[in-house]
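Student: My structure file entry-v1.txt, compact mmCIF, C-alpha atoms, is below:
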# COMPACT_ATOMS: atom_id res chain seq x y z
CA MET Y 1 93.91 116.30 7.33
CA SER Y 2 93.63 118.07 10.68
CA VAL Y 3 91.31 116.92 13.43
CA VAL Y 4 89.64 118.89 16.21
CA HIS Y 5 88.14 116.79 18.97
CA GLN Y 6 86.63 116.62 22.42
CA SER Y 7 86.77 113.31 24.26
CA PHE Y 8 84.68 111.60 26.91
CA ARG Y 9 84.02 108.16 28.35
CA PRO Y 10 80.53 106.70 27.92
CA ASN Y 11 78.56 105.15 30.77
CA THR Y 12 79.32 101.43 30.67
CA GLY Y 13 76.49 100.57 33.04
CA GLN Y 14 78.87 99.37 35.76
CA ASP Y 15 78.16 100.29 39.36
CA VAL Y 16 80.51 102.90 40.74
CA ARG Y 17 81.00 104.37 44.16
CA LEU Y 18 78.78 107.39 44.58
CA PRO Y 19 80.69 110.63 45.10
CA LYS Y 20 80.19 112.31 48.45
CA ARG Y 21 78.39 115.21 46.79
CA VAL Y 22 75.84 112.78 45.30
CA VAL Y 23 75.35 111.06 48.65
CA GLN Y 24 74.87 114.48 50.20
CA ALA Y 25 72.32 115.38 47.52
CA ILE Y 26 70.29 112.27 48.40
CA ALA Y 27 70.59 113.06 52.12
CA ASP Y 28 69.38 116.61 51.48
CA HIS Y 29 66.43 115.22 49.53
CA ASP Y 30 65.56 112.85 52.37
CA ASN Y 31 65.76 115.59 54.97
CA THR Y 32 63.51 117.82 52.90
CA SER Y 33 61.13 114.89 52.52
CA GLU Y 34 61.06 114.44 56.29
CA VAL Y 35 59.83 118.02 56.59
CA VAL Y 36 57.09 117.26 54.05
CA ILE Y 37 56.18 114.10 55.99
CA LYS Y 38 55.79 116.08 59.21
CA VAL Y 39 53.55 118.63 57.50
CA ILE Y 40 51.35 115.86 56.05
CA GLN Y 41 51.19 114.21 59.46
CA LEU Y 42 49.88 117.45 60.91
CA VAL Y 43 47.25 117.59 58.16
CA ILE Y 44 46.22 113.99 58.88
CA ILE Y 45 45.91 114.52 62.62
CA THR Y 46 43.90 117.68 61.97
CA VAL Y 47 41.46 115.71 59.81
CA MET Y 48 41.26 113.00 62.45
CA ALA Y 49 40.63 115.56 65.18
CA LEU Y 50 37.84 117.24 63.22
CA LEU Y 51 36.17 113.89 62.49
CA TYR Y 52 36.44 112.90 66.14
CA PHE Y 53 35.16 116.10 67.68
CA PHE Y 54 32.20 116.47 65.31
CA SER Y 55 31.08 112.87 65.52
CA PRO Y 56 28.43 111.76 68.07
CA LYS Y 57 29.78 110.08 71.21
CA ARG Y 58 28.34 107.38 73.45
CA GLY Y 59 29.76 105.35 76.29
CA ASP Y 60 31.61 106.30 79.47
CA PRO Y 61 32.26 110.10 79.49
CA ASP Y 62 35.30 109.61 81.69
CA TRP Y 63 37.04 107.86 78.79
CA GLN Y 64 36.10 110.36 76.11
CA TRP Y 65 39.10 112.61 76.75
CA THR Y 66 41.73 109.95 76.24
CA VAL Y 67 41.68 110.48 72.47
CA PRO Y 68 42.03 114.31 72.58
CA ILE Y 69 44.96 113.90 74.95
CA ALA Y 70 46.62 111.41 72.57
CA MET Y 71 46.00 113.72 69.61
CA GLY Y 72 47.41 116.69 71.47
CA LEU Y 73 50.50 114.72 72.41
CA TYR Y 74 50.91 113.60 68.79
CA ILE Y 75 50.63 117.17 67.50
CA ALA Y 76 53.21 118.35 70.03
CA VAL Y 77 55.68 115.61 69.13
CA THR Y 78 55.14 116.17 65.39
CA LEU Y 79 55.77 119.91 65.77
CA VAL Y 80 58.99 119.16 67.62
CA GLY Y 81 59.98 116.78 64.82
CA LEU Y 82 59.11 119.40 62.19
CA PHE Y 83 61.22 122.03 63.89
CA TRP Y 84 64.05 119.53 64.29
CA ALA Y 85 63.90 118.51 60.61
CA THR Y 86 64.06 122.14 59.45
CA LYS Y 87 67.20 122.73 61.50
CA ALA Y 88 69.15 119.50 61.07
CA ARG Y 89 68.96 115.98 59.71
CA LEU Y 90 66.83 113.71 61.84
CA PRO Y 91 68.81 110.71 63.13
CA ASP Y 92 67.49 107.30 62.19
CA TRP Y 93 66.32 106.50 65.72
CA ALA Y 94 64.10 109.61 65.67
CA VAL Y 95 62.52 108.44 62.41
CA TYR Y 96 61.84 104.99 63.84
CA VAL Y 97 60.31 106.56 66.96
CA SER Y 98 58.11 108.71 64.73
CA ILE Y 99 56.95 105.62 62.85
CA VAL Y 100 56.03 103.82 66.05
CA PHE Y 101 54.31 106.93 67.35
CA ASP Y 102 52.24 107.18 64.14
CA MET Y 103 50.95 103.66 64.51
CA ALA Y 104 50.42 104.01 68.27
CA LEU Y 105 48.26 107.10 67.70
CA LEU Y 106 46.23 105.41 64.95
CA TYR Y 107 45.58 102.27 66.95
CA SER Y 108 44.80 104.28 70.08
CA LEU Y 109 42.17 106.13 68.08
CA ILE Y 110 40.74 102.88 66.70
CA TRP Y 111 40.80 101.28 70.16
CA SER Y 112 38.84 104.22 71.56
CA PHE Y 113 35.88 103.52 69.26
CA HIS Y 114 34.49 100.75 71.46
CA VAL Y 115 34.68 103.14 74.44
CA LYS Y 116 33.30 106.07 72.46
CA TYR Y 117 30.27 104.10 71.24
CA GLY Y 118 29.83 101.83 74.29
CA GLN Y 119 30.51 98.60 72.39
CA PRO Y 120 32.68 95.53 73.07
CA PRO Y 121 36.30 95.69 71.83
CA SER Y 122 35.57 93.59 68.73
CA PHE Y 123 33.54 96.55 67.49
CA TYR Y 124 36.65 98.48 66.48
CA LEU Y 125 37.93 95.67 64.22
CA LYS Y 126 35.50 96.81 61.53
CA SER Y 127 36.59 100.44 61.70
CA PRO Y 128 37.46 101.95 58.29
CA THR Y 129 40.01 104.11 60.14
CA LEU Y 130 42.42 101.20 59.66
CA MET Y 131 42.86 102.51 56.11
CA TYR Y 132 45.01 105.30 57.57
CA VAL Y 133 47.65 102.61 58.09
CA PHE Y 134 48.38 102.71 54.37
CA ILE Y 135 48.73 106.48 54.47
CA PHE Y 136 51.32 106.28 57.23
CA ILE Y 137 53.17 103.53 55.36
CA GLY Y 138 52.93 105.48 52.11
CA LEU Y 139 54.34 108.59 53.76
CA ARG Y 140 57.60 106.76 54.26
CA THR Y 141 58.05 106.42 50.49
CA LEU Y 142 58.71 110.16 50.36
CA ARG Y 143 62.18 109.29 51.59
CA PHE Y 144 64.33 107.00 49.49
CA GLU Y 145 64.86 104.58 52.37
CA PRO Y 146 63.00 101.25 51.95
CA ARG Y 147 63.91 100.28 55.53
CA PHE Y 148 61.61 102.99 56.88
CA VAL Y 149 58.75 101.64 54.75
CA LEU Y 150 59.42 98.15 56.08
CA ALA Y 151 59.57 99.52 59.63
CA ALA Y 152 56.19 101.22 59.15
CA GLY Y 153 54.66 98.04 57.75
CA LEU Y 154 56.09 95.94 60.58
CA ALA Y 155 54.81 98.41 63.18
CA ALA Y 156 51.37 98.30 61.54
CA VAL Y 157 51.26 94.50 61.53
CA LEU Y 158 52.45 94.14 65.13
CA GLY Y 159 50.02 96.84 66.20
CA TRP Y 160 47.07 95.13 64.56
CA ILE Y 161 48.05 91.76 66.03
CA GLY Y 162 48.04 93.50 69.40
CA MET Y 163 44.60 94.93 68.67
CA ILE Y 164 43.29 91.44 67.79
CA ALA Y 165 44.88 89.96 70.90
CA TYR Y 166 43.19 92.61 73.02
CA VAL Y 167 39.83 91.68 71.52
CA ALA Y 168 40.45 87.96 72.03
CA TYR Y 169 41.62 88.13 75.63
CA SER Y 170 40.06 91.26 77.15
CA ASP Y 171 36.67 89.56 77.43
CA ALA Y 172 37.41 85.95 76.72
CA GLY Y 173 34.21 84.71 78.36
CA ASP Y 174 31.84 86.61 76.06
CA MET Y 175 34.07 86.68 72.98
CA MET Y 176 32.35 85.27 69.90
CA ILE Y 177 34.67 83.74 67.30
CA THR Y 178 32.93 82.87 64.08
CA ARG Y 179 33.75 81.47 60.69
CA ASP Y 180 30.69 82.97 59.03
CA TYR Y 181 31.40 86.18 57.14
CA VAL Y 182 27.80 87.46 57.38
CA THR Y 183 27.75 86.93 61.12
CA TYR Y 184 31.09 88.73 61.33
CA LEU Y 185 29.74 91.75 59.51
CA THR Y 186 26.44 91.94 61.36
CA SER Y 187 27.65 91.32 64.90
CA ASN Y 188 30.55 92.02 67.24
CA SER Y 189 32.09 88.65 66.57
CA LEU Y 190 35.69 87.94 65.58
CA LEU Y 191 36.50 86.37 62.21
CA ILE Y 192 40.13 85.24 62.41
CA GLY Y 193 40.42 84.84 58.63
CA ALA Y 194 39.31 88.41 58.01
CA GLU Y 195 41.91 89.79 60.41
CA VAL Y 196 44.63 87.60 58.95
CA GLU Y 197 43.64 88.89 55.51
CA LYS Y 198 44.11 92.47 56.74
CA ILE Y 199 47.58 91.60 58.04
CA ILE Y 200 48.50 89.92 54.76
CA LEU Y 201 47.24 92.96 52.84
CA ILE Y 202 49.38 95.30 54.97
CA LEU Y 203 52.42 93.07 54.37
CA LEU Y 204 51.80 92.92 50.61
CA VAL Y 205 51.40 96.68 50.31
CA THR Y 206 54.49 97.23 52.45
CA GLY Y 207 56.54 94.78 50.43
CA THR Y 208 55.40 96.26 47.12
CA LEU Y 209 56.17 99.80 48.22
CA ALA Y 210 59.55 98.80 49.65
CA LEU Y 211 60.52 96.97 46.47
CA SER Y 212 59.37 99.85 44.28
CA LEU Y 213 61.26 102.30 46.47
CA HIS Y 214 64.39 100.16 46.35
CA ARG Y 215 64.26 100.19 42.56
CA ALA Y 216 63.48 103.90 42.50
CA LYS Y 217 66.40 104.61 44.80
CA GLY Y 218 68.71 102.82 42.39
CA ILE Y 219 67.37 104.92 39.53
CA LEU Y 220 67.70 108.08 41.64
CA GLU Y 221 71.31 107.33 42.56
CA ARG Y 222 72.20 106.64 38.94
CA ALA Y 223 70.35 109.75 37.76
CA LEU Y 224 72.03 111.96 40.36
CA SER Y 225 75.39 110.40 39.59
CA ASP Y 226 74.87 110.92 35.85
CA ARG Y 227 73.68 114.47 36.42
CA ASP Y 228 76.67 115.19 38.62
CA ALA Y 229 78.97 113.69 36.02
CA ALA Y 230 77.24 115.66 33.25
CA GLN Y 231 77.60 118.90 35.19
CA THR Y 232 81.23 118.13 35.95
CA PHE Y 233 82.22 116.98 32.49
CA SER Y 234 80.22 119.71 30.76
CA ARG Y 235 82.89 122.05 32.06
CA PHE Y 236 85.35 120.10 29.91
CA PHE Y 237 83.10 120.51 26.87
CA ASP Y 238 81.91 123.57 25.12
CA SER Y 239 78.29 124.34 26.07
CA ASP Y 240 77.10 123.77 22.49
CA VAL Y 241 78.75 120.34 22.36
CA ALA Y 242 77.29 119.43 25.76
CA GLN Y 243 73.86 120.56 24.56
CA GLU Y 244 74.25 118.48 21.41
CA LEU Y 245 75.05 115.42 23.54
CA ARG Y 246 72.12 115.99 25.90
CA GLU Y 247 69.57 116.50 23.14
CA SER Y 248 70.74 113.71 20.88
CA ASP Y 249 68.09 111.01 20.35
CA LEU Y 250 70.74 108.49 19.38
CA GLN Y 251 73.24 106.56 21.48
CA LEU Y 252 76.63 107.89 20.46
CA LYS Y 253 78.65 105.30 18.57
CA SER Y 254 82.07 105.38 16.99
CA GLY Y 255 82.04 106.02 13.27
CA GLU Y 256 78.88 108.14 13.17
CA GLY Y 257 78.87 111.73 11.97
CA VAL Y 258 77.11 114.43 9.98
CA ASN Y 259 78.20 116.78 7.22
CA ARG Y 260 77.90 120.45 8.06
CA ASN Y 261 79.10 123.75 6.69
CA ALA Y 262 81.16 125.43 9.38
CA ALA Y 263 83.93 127.90 10.09
CA ILE Y 264 87.10 127.00 11.99
CA LEU Y 265 88.94 129.52 14.15
CA MET Y 266 92.45 129.16 15.58
CA VAL Y 267 94.07 131.55 18.04
CA ASP Y 268 97.68 131.28 19.22
CA LEU Y 269 99.91 133.27 21.56
CA ARG Y 270 103.29 134.07 20.03
CA GLY Y 271 106.29 133.26 22.20
CA PHE Y 272 104.26 131.64 24.94
CA SER Y 273 106.27 128.42 25.11
CA LYS Y 274 109.54 130.32 25.48
CA ALA Y 275 108.10 132.63 28.12
CA ALA Y 276 106.64 129.68 30.07
CA GLN Y 277 110.08 128.10 30.47
CA SER Y 278 111.18 130.93 32.78
CA MET Y 279 107.93 131.15 34.76
CA GLU Y 280 106.55 129.34 37.77
CA PRO Y 281 103.92 126.71 36.86
CA SER Y 282 101.25 128.61 38.79
CA ASP Y 283 102.07 131.78 36.87
CA VAL Y 284 101.86 129.89 33.58
CA MET Y 285 98.42 128.57 34.42
CA SER Y 286 97.30 131.97 35.70
CA MET Y 287 98.35 133.55 32.41
CA LEU Y 288 96.53 130.89 30.39
CA GLY Y 289 93.46 131.31 32.54
CA GLN Y 290 93.39 135.07 32.05
CA TYR Y 291 93.94 134.71 28.30
CA GLN Y 292 91.15 132.16 27.95
CA LYS Y 293 88.87 134.12 30.27
CA ARG Y 294 89.03 137.07 27.89
CA LEU Y 295 88.66 135.19 24.62
CA ILE Y 296 86.20 132.41 25.38
CA PRO Y 297 83.23 134.75 26.09
CA ILE Y 298 83.86 136.53 22.80
CA ILE Y 299 83.80 133.25 20.87
CA GLN Y 300 80.71 131.92 22.62
CA ARG Y 301 78.85 135.21 22.41
CA ASN Y 302 79.08 135.04 18.63
CA GLY Y 303 77.85 131.46 18.36
CA GLY Y 304 81.20 129.68 18.44
CA SER Y 305 82.00 126.41 20.20
CA ILE Y 306 85.31 125.80 21.94
CA ASP Y 307 86.51 122.55 20.48
CA LYS Y 308 89.91 122.20 22.09
CA PHE Y 309 92.65 123.95 24.03
CA LEU Y 310 96.15 123.25 22.78
CA GLY Y 311 98.25 124.84 25.49
CA ASP Y 312 98.15 128.49 24.52
CA GLY Y 313 96.15 127.69 21.39
CA ILE Y 314 92.39 127.77 21.06
CA LEU Y 315 90.44 125.84 18.43
CA ALA Y 316 86.83 126.85 17.88
CA SER Y 317 84.13 126.09 15.37
CA PHE Y 318 81.05 127.94 14.17
CA GLY Y 319 78.13 125.92 12.81
CA ALA Y 320 79.62 122.50 13.65
CA ALA Y 321 78.11 121.60 17.02
CA HIS Y 322 74.76 123.02 15.88
CA VAL Y 323 73.38 124.21 12.56
CA ASP Y 324 73.81 127.97 12.07
CA GLU Y 325 73.13 129.63 8.71
CA ASP Y 326 75.06 132.76 9.81
CA TYR Y 327 78.15 130.92 11.03
CA THR Y 328 80.50 133.04 8.86
CA VAL Y 329 79.06 136.27 10.29
CA GLY Y 330 79.67 135.17 13.87
CA ALA Y 331 83.14 133.88 12.99
CA VAL Y 332 84.33 137.09 11.29
CA ARG Y 333 82.83 139.21 14.07
CA THR Y 334 84.73 137.08 16.59
CA VAL Y 335 88.05 137.76 14.85
CA GLU Y 336 87.47 141.51 14.93
CA GLU Y 337 86.32 141.50 18.55
CA ILE Y 338 89.36 139.46 19.63
CA LEU Y 339 91.61 141.98 17.88
CA ALA Y 340 89.81 144.82 19.67
CA ASP Y 341 90.30 143.05 23.00
CA PHE Y 342 93.95 142.33 22.18
CA GLU Y 343 94.59 146.07 21.88
CA THR Y 344 93.79 146.42 25.60
CA TRP Y 345 96.22 143.75 26.80
CA ALA Y 346 98.88 146.33 27.55
CA ASP Y 347 96.70 147.40 30.48
CA ASP Y 348 96.38 143.84 31.80
CA PRO Y 349 99.19 143.12 34.32
CA ILE Y 350 99.06 139.40 33.50
CA LEU Y 351 98.91 139.59 29.69
CA THR Y 352 100.92 142.76 29.15
CA ARG Y 353 104.01 140.83 28.04
CA PHE Y 354 101.99 139.51 25.07
CA ALA Y 355 100.68 142.90 23.99
CA GLY Y 356 101.89 144.25 20.66
CA ARG Y 357 102.24 141.52 18.07
CA HIS Y 358 102.15 138.35 20.18
CA ILE Y 359 98.98 136.85 18.79
CA GLY Y 360 98.05 134.91 15.69
CA ILE Y 361 94.47 134.34 14.50
CA ALA Y 362 93.23 132.36 11.50
CA LEU Y 363 89.75 131.71 10.14
CA SER Y 364 88.52 129.53 7.28
CA SER Y 365 85.30 127.74 6.39
CA GLY Y 366 83.90 124.90 4.33
CA GLN Y 367 82.18 121.56 4.63
CA ILE Y 368 83.31 119.50 7.60
CA VAL Y 369 82.32 116.23 9.24
CA PHE Y 370 81.12 116.48 12.82
CA GLY Y 371 81.07 113.05 14.42
CA VAL Y 372 82.37 110.44 16.82
CA VAL Y 373 85.52 108.32 16.73
CA GLY Y 374 87.03 105.90 19.25
CA ASP Y 375 85.94 102.63 20.82
CA ASP Y 376 83.37 101.51 23.40
CA HIS Y 377 85.47 102.80 26.29
CA ARG Y 378 86.59 106.15 24.92
CA LEU Y 379 84.89 108.35 22.36
CA GLU Y 380 85.88 111.66 20.85
CA MET Y 381 83.68 114.34 19.32
CA THR Y 382 85.60 115.26 16.20
CA VAL Y 383 85.57 117.90 13.49
CA ILE Y 384 87.33 116.78 10.32
CA GLY Y 385 87.65 118.58 7.03
CA SER Y 386 89.70 120.68 4.64
CA ALA Y 387 88.58 123.83 6.47
CA VAL Y 388 90.44 122.62 9.58
CA ASN Y 389 93.52 121.85 7.53
CA LEU Y 390 93.42 125.26 5.78
CA CYS Y 391 92.93 127.13 9.04
CA ALA Y 392 96.03 125.55 10.58
CA LYS Y 393 98.12 126.61 7.60
CA LEU Y 394 96.65 130.13 7.57
CA GLU Y 395 97.58 130.54 11.21
CA LYS Y 396 101.22 129.82 10.32
CA HIS Y 397 100.92 132.16 7.33
CA ASN Y 398 100.44 135.04 9.79
CA LYS Y 399 104.18 134.96 10.48
CA GLU Y 400 105.02 135.28 6.79
CA LEU Y 401 102.66 138.22 6.36
CA GLY Y 402 103.58 139.81 9.69
CA SER Y 403 99.87 140.00 10.46
CA LEU Y 404 97.77 139.48 13.56
CA ALA Y 405 94.92 137.68 11.82
CA VAL Y 406 94.06 136.22 8.44
CA ILE Y 407 90.70 135.15 7.02
CA ASP Y 408 90.38 133.33 3.74
CA LYS Y 409 88.57 135.43 1.13
CA VAL Y 410 85.68 132.97 0.69
CA THR Y 411 84.78 133.12 4.37
CA TYR Y 412 85.11 136.90 4.62
CA ASP Y 413 83.01 137.48 1.49
CA ALA Y 414 80.34 135.04 2.71
CA ALA Y 415 79.98 137.00 5.95
CA VAL Y 416 79.59 140.26 4.06
CA GLU Y 417 76.99 138.70 1.76
CA ARG Y 418 75.07 137.58 4.86
CA GLY Y 419 74.86 141.23 5.95
CA TYR Y 420 77.90 141.67 8.17
CA SER Y 421 79.42 145.15 8.19
CA PRO Y 422 83.14 144.88 9.04
CA LYS Y 423 84.39 147.20 11.80
CA ARG Y 424 87.97 147.01 10.54
CA LYS Y 425 89.53 147.23 7.12
CA PRO Y 426 91.73 144.22 6.41
CA LYS Y 427 94.14 144.04 3.52
CA LEU Y 428 93.34 141.65 0.69
CA THR Y 429 96.44 139.75 -0.33
CA SER Y 430 97.33 136.56 -2.12
CA GLY Y 431 100.24 134.22 -2.06
CA THR Y 432 101.32 130.64 -1.83
CA ILE Y 433 100.51 129.17 1.55
CA ALA Y 434 103.24 126.96 2.98
CA ASP Y 435 102.42 123.21 2.81
CA LEU Y 436 99.25 124.02 0.83
CA GLY Y 437 100.77 124.07 -2.62
CA ARG Y 438 98.47 126.68 -4.09
CA THR Y 439 97.83 130.41 -4.15
CA GLN Y 440 95.27 131.57 -1.60
CA GLU Y 441 93.54 134.93 -1.34
CA VAL Y 442 93.21 136.10 2.26
CA TYR Y 443 92.24 139.18 4.20
CA ALA Y 444 94.99 140.14 6.63
CA TYR Y 445 94.64 142.35 9.74
CA GLY Y 446 97.47 144.28 11.36
CA THR Y 447 100.07 143.90 8.63
Give the structure from the file, written as structure tokens.

Tutor:
Amino acid sequence: MSVVHQSFRPNTGQDVRLPKRVVQAIADHDNTSEVVIKVIQLVIITVMALLYFFSPKRGDPDWQWTVPIAMGLYIAVTLVGLFWATKARLPDWAVYVSIVFDMALLYSLIWSFHVKYGQPPSFYLKSPTLMYVFIFIGLRTLRFEPRFVLAAGLAAVLGWIGMIAYVAYSDAGDMMITRDYVTYLTSNSLLIGAEVEKIILILLVTGTLALSLHRAKGILERALSDRDAAQTFSRFFDSDVAQELRESDLQLKSGEGVNRNAAILMVDLRGFSKAAQSMEPSDVMSMLGQYQKRLIPIIQRNGGSIDKFLGDGILASFGAAHVDEDYTVGAVRTVEEILADFETWADDPILTRFAGRHIGIALSSGQIVFGVVGDDHRLEMTVIGSAVNLCAKLEKHNKELGSLAVIDKVTYDAAVERGYSPKRKPKLTSGTIADLGRTQEVYAYGT
């Protein structure tokens, strides 16, 4: 019994070195994310600026312009970073500088509150603007680099410690440190526990985001690697087979298969092996490429799946990789379209030597098994059945008949019954097929 197969190696779950193209894909994603980060930063600073300028101000007027200057500087630096990110990949040091600049701006704004409202420094410790810290930390998750998240969290913690130290030592004589939470909320006193709690909260959020991002990066790398492998290996599979693999709900295992009614097509170049012996290897491959380039679109256009290339031979199936009630129609149409294309080979400088009678086509149909064979490390998509066996023998029978193509009568009649109108008139003949041991009725073309 003949077998038609396509092979592949399943993902064993082992870590592999990422191809450069996958690494580049991740780098491109990160650079695009940096552009998004810069845009969001501009939105954030715009919101901050609006809230600042429309809010009432008290305190020393000479200090009121420090915040607008800081905001203006931040906008300028962010615009430079945005322009830089759109033109090239930002180096790591520039990202770290941006992180520090984010936190410096935020804490400068918070620090200014006690000046803006004419209050002691401890006043700003209760500012809800501290919540922006989590936005700046969260922004760094847009890139798949946990180290930038950790850097943002560390900058936030060190910055807030500096803000607490400023409160504690800027006016040490009048500084009120309390352990009472109510007093803390209703006065300008300093509650050490509350500030420590804020620092712990920043560290917990940073650690959670960094861990989540680390796990997500692993998933991203595997997904990109699998996608890259799928795109690469799909070129070694027929598109219908690749689609069947992608859409399958089951994990492919050796020994599993389905019964389907399908047609099997075989195409062979006569005299190719002899001609190849006197040709340069590059010319041989060029000839095969041109031959396949002309036939493959015809097969696929009519619903066929390329199952295997056997040197100059092509094995294709109709209705095996996916269910198709009109598989015989597409198969018979393919035979006639290949014959029509073959008649133009004399005008092709690469294939002209095979024009005339240097082709053999066979088509048969029946119930086949479409499934998987192999072991855990190598699997093969396989088509097995009497239709495959018959098609191989019909292809050889072309030489006995002196024909270009033969189709078994059952397949041809089934296509006509399904509504196909033949464009050519084959000759119905019967005879004993070599190695088959029985008489077979076939339609022969080009006898």

Student: Contacts of Met103 of chain Y at 10 Å or less, counting all atoms listed in the file, minus same-chain residues fewer than 4 places along, as a PyMOL selection string?

Tutor: chain Y and resi 98-99+107-109+132-133+136-137+152-153+155-160

Student: From the list Y:Leu82, Y:Leu90, Y:Ile306, Y:Ala321, which residue is nearest Arg260 of chain Y when using only C-alpha atoms?

Tutor: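 For Arg260 of chain Y, the nearest of the given residues is Y:Ala321.
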
Student: Please compute the atom CA of Lys393 of chain Y-atom CA of Ala414 of chain Y distance, one decimal, in Å.

Tutor: 20.3 Å

Student: Around (84.8, 138.5, 18.1), as given in the file, which residues come within 9 Å? Count all atoms listed in the file and list them as a list in words.

Tutor: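 Residues close enough to count: Leu295, Pro297, Ile298, Ile299, Gln300, Arg301, Asn302, Gly330, Ala331, Val332, Arg333, Thr334, Val335, Glu336, Glu337, Ile338, Leu339, Ala340 and Asp341 of chain Y.
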
Student: What does the distance between atom CA of Thr208 of chain Y and atom CA of Tyr184 of chain Y come to in Å, to one decimal place?

Tutor: 29.1 Å

Student: Which one of Y:Phe144, Y:Tyr166, Y:Trp93, Y:Trp345 sits closest to Tyr124 of chain Y if you count all atoms listed in the file?

Tutor: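 Of Y:Phe144, Y:Tyr166, Y:Trp93, Y:Trp345, the one nearest Tyr124 of chain Y is Y:Tyr166, counting all atoms listed in the file.
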
Student: With 8 Å as the threshold, what does the neighbourhood of (98.7, 138.8, 21.1) contain in terms of residues, counting only C-alpha atoms? Coordinates are those of the file; answer as a ChimeraX atom specification.

Tutor: /Y:268-270,342,345,354-360,404

Student: When you look at Phe318 of chain Y with a cut-off of 10 Å (counting all atoms listed in the file), what residues show up, excluding the ones that are within fewer than 5 positions of it in the same chain? I need them as a list of chain:residue names.

Tutor: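 Answer for this query is Y:Asn261, Y:Ala262, Y:Ala263, Y:Ile264, Y:Leu265, Y:Ile299, Y:Gln300, Y:Asn302, Y:Gly303, Y:Gly304, Y:Ser305, Y:Ile306, Y:Asp307, Y:Val323, Y:Asp324, Y:Glu325, Y:Asp326, Y:Tyr327, Y:Thr328, Y:Val329, Y:Gly330, Y:Ala331, Y:Ser365.
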